[in-house]
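Engineer: Structure in C-alpha cells, see below.
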Amino acid sequence: MVRGVILAAWLLAMAAFQLAMVALPAGMILAARPGLAVTALGEMLVSDGAPLAALVAVVAALGPGTLAALALWRRQRLGLAAGLLLAPLVMPVALLGGSSDLAVMLAGHASVGLAIGAVCGFIGLGGVDRGLLRVAASCGLSPVRTWLRVLLPLVAPGVLAGMVLANVASVALSVVSVALVAPRPLMAVVMVPTASVTAVLGAALVLCAAVAAALALLRRP
Amino acid sequence: MRQTQSSPFAASLARVRGVVDGAALVDVSLGVARGEIVTLLGTGGPGAVLAVLAGFGRVAQGEVAVGGMVLNRTPPYRRGLGVVPRRLALFPHLDVAEHARFAPGVTPARGEAVLQRLGLAAFAGRMPRALSPELQVRVALARALGPAPALLLLDDPLASVPAPQRATLKALLRALCAEDGIAMLHATDDPASAVGLSDRIGVMQSGRLLQIDDVRTLYERPVAAAVAGALGPVNRLAGTKLDQEDDIARIRLAGGVTVSARCIDVIADGAACVVTIRPERIAVAAGAPEELGEGAMAARLIEALFEGKHTRLRFALGAAAPEIVVFRPGALAVPRAGAMSLAWQPHHALAFLPEAA
C-alpha cells in the first residue's frame, strides 16, 4: 500500500514537471538565470517541442525500455540486439544535435530514452533470482501477471531512475539542439559563460573535497 | 490437454526422453499415487524430472500426465502444481501472509488456514529473510500449498535446513501427505533427505531411473551397484568370478583373496565383476580366520574411529587387495596388534557386472 502511494506520488510529480514545462512561461522555467538570451532559449525550447520530447523519452524509458531490459535479462547475454539498442547512448548529441524536424526529434529522444530505460532496468534486474519466475508460473501467474506482481516491484527503483535520467538527458539534448539550430548567434555567447561558471563551481567542489580528505588523513588517530 | 487412459497415479511420466536444464533424461517412467511421497535420488536427473512435470522444460519424447491429463504442451501456469525450489525463491518484497495468498484465487481465509496448518500464523507479518531456514521452508510450502495442488514438487528444499529441524519438516510433510492426500515428488542427491520421508525412492544415474522401490527393498535387493551405493556407504570390490553354485558365486579379488557373493547380474565364469558389501554387514573378530568359520579372511587393521552411532574400522585384506570399511555398533575397543579376521554372509554381498556398477 505504502509502496503504491509512493510510486503514484512520484509519477504525479513527473507528470506535473512535464506539464509545467508546457504550461508555464519560458521565463519562469529558466528564472534562475534571467536575461534576454536565457529567456529566448527557454522560449525556443518550449516552442520547439522540448517538453513533448522529454515526455516521449520518459515514456520510452518506462515502457519499451523496461521491456527491453527484461528481454536482455532473460537472454542472459548482451548480443547484437543489445548493441543496437544501446547505440544511441554512445553519442546522443550526434544523433539529435541538428534535428529541427519534430518527428525526427521525437524519434531520437525516444531512442535515447529507451536505451536509458533498458540500461537502468537491466541493472535493476541484475540482483533478481530467476527462480522467482518459475515459482510465480507454478503458482498460476501468466508471464504478464508475473511481470506486474513480481518483477516490476523489484525493479521499480531501476525503472524510476531510468525515467529521471531519460527526462534529464532529453532536456539537456534539447538545449543542444536548440543552440545548434538557433537563427541567432546569441546562443553561443550565452552557453560559454554558463559552462565557465559550471566549471568553476565544479573545480571549487573538488578542491573542497580534496582539502577535507587531506585534513581527515592528517588527523591523529 | 487430453485425457490419459484411466491412471491410478496423481502424476506420471511415460518413457520420457529429452534434455532439460542441462540434464538428459533417458526413458524415464514413473508414477506418484495420491497421498504418496516419492523421492528421486541422484545427481542431474531428479531435478530435470521435476522441471518436466512443472513445465519448465519440454521433452523430446514421452508423455507427462498430471491428474489424468497429458500436459506435454501445457504452460507451467496452467498446470496447477505446487513447486518448492531448492533455493526456495521467496519473494523479497512480500511478507509471510502475502506468500500464503500469492497464487491467484487464494482467499485471505485460505491463506490464514495454510499458515495455521504450517505453524506460521505468528509470523504472518514478518518478511521471510528475517526467519530461520526451517521457517523459510515452511513459507515456501505455504506459497505452494495455497491453491491446494494435487501434486507438490519438492526440489530438495531440506538441503539448507539443519538436521534436527529437517526431521521436524519431514514429519510435517508426511502429515500433509497422509491427512490432505497430497502427492509429493521430491528430488535430492542426499540419502539423508530421502530416508525417513519417502514411501518409495527412485535412484537415478545419468538420466536413467535405475530402480524405484521402498527403502527396504532398495537396501536389501538393489538391482545395480549404483543403487546399492545410493542409500549409504558400501564397499565396492573389483574381482573376477571363479564359479557359481545356485546364486552364490566365488569371486577372486585383486590381491588373490577369494570371497563369496550373491550374483545379481548374469556373470560368466572368468568375467570381471564388482562385489558390494555394506560396512555394517561385515563381522569382525580378533584371531585367525578359522575362528570365524568358512569364508573368513585375514585382515590388517589400519584405523579405528568412533563416530557416535558406530565405530568405523578400516582394514586391508592384503598388500595389493582393496581396503574394506566396517561399521560396528557403539564404541569398540579394538586391539592394535595381533591377527584379525573379517567375514560376511554370502547373500549379504552382491555381485554385479562392471557395466552396471
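The chains in the C-alpha cells are called A, B, ... from first to last as shown; in each chain the residues are counted from 1, and the ligands are counted from 1 in the order shown.
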Please identify all polymer residues within 8 Å of range 145-152 of chain A, counting only C-alpha atoms, omitting same-chain residues fewer than 4 positions from it, and present them as a CSV table (one decimal) with C-alpha atoms, in the first residue's frame.
Structural biologist:
chain,number,residue,atom,x,y,z
A,125,LEU,CA,17.1,-6.8,-12.6
A,132,LEU,CA,11.1,-16.3,-8.9
A,133,LEU,CA,9.8,-16.5,-12.4
A,136,ALA,CA,5.3,-17.5,-10.0
A,137,ALA,CA,4.4,-19.6,-13.1
A,141,LEU,CA,0.7,-16.4,-12.8
A,156,ALA,CA,10.9,-0.3,-9.7
B,91,PHE,CA,9.7,-13.0,-2.9
Engineer: Using only C-alpha atoms, which residues sit within 7 Å of range 42-59 of chain B once same-chain residues fewer than 3 positions away are excluded, as a ChimeraX atom specification?
Structural biologist: /A:138 /B:16-18,20-21,23-25,62,64,75-76,81,153,155,187-189,203-207
Engineer: Tell me, in Å to one decimal, how far CA of Gly79 in chain A is from CA of Ala172 in chain A.
Structural biologist: 29.3 Å
Engineer: Using only C-alpha atoms, determine which residues of chain B fall within 6 Å of chain A; present them as a PyMOL selection string.
Structural biologist: chain B and resi 76-77+89+103
Engineer: Go ahead and write the residues just picked, C-alpha atoms, as a short mmCIF file (atom, residue, chain, number, x, y, z; two decimals), in the first residue's frame.
Structural biologist:
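That gives us result-v5.cif:
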data_model
loop_
_atom_site.label_atom_id
_atom_site.label_comp_id
_atom_site.auth_asym_id
_atom_site.auth_seq_id
_atom_site.Cartn_x
_atom_site.Cartn_y
_atom_site.Cartn_z
CA PRO B 76 3.55 -24.01 -16.36
CA TYR B 77 0.97 -21.50 -15.15
CA ALA B 89 12.91 -18.39 -4.29
CA ALA B 103 -1.42 -17.61 -6.08
#
Engineer: One number please: CA of Met184 in chain B to CA of Gly105 in chain B, in Å, one decimal.
Structural biologist: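 So the two atoms, CA of Met184 in chain B and CA of Gly105 in chain B, lie 22.0 Å apart.
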Engineer: Could you check the closest approach to Val119 in chain A for each of A:Leu86, A:Leu55, A:Met163, A:Val171 and tell me which residue wins, using only C-alpha atoms?
Structural biologist: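 Answer, going by the shortest atom-to-atom distance: A:Leu86.
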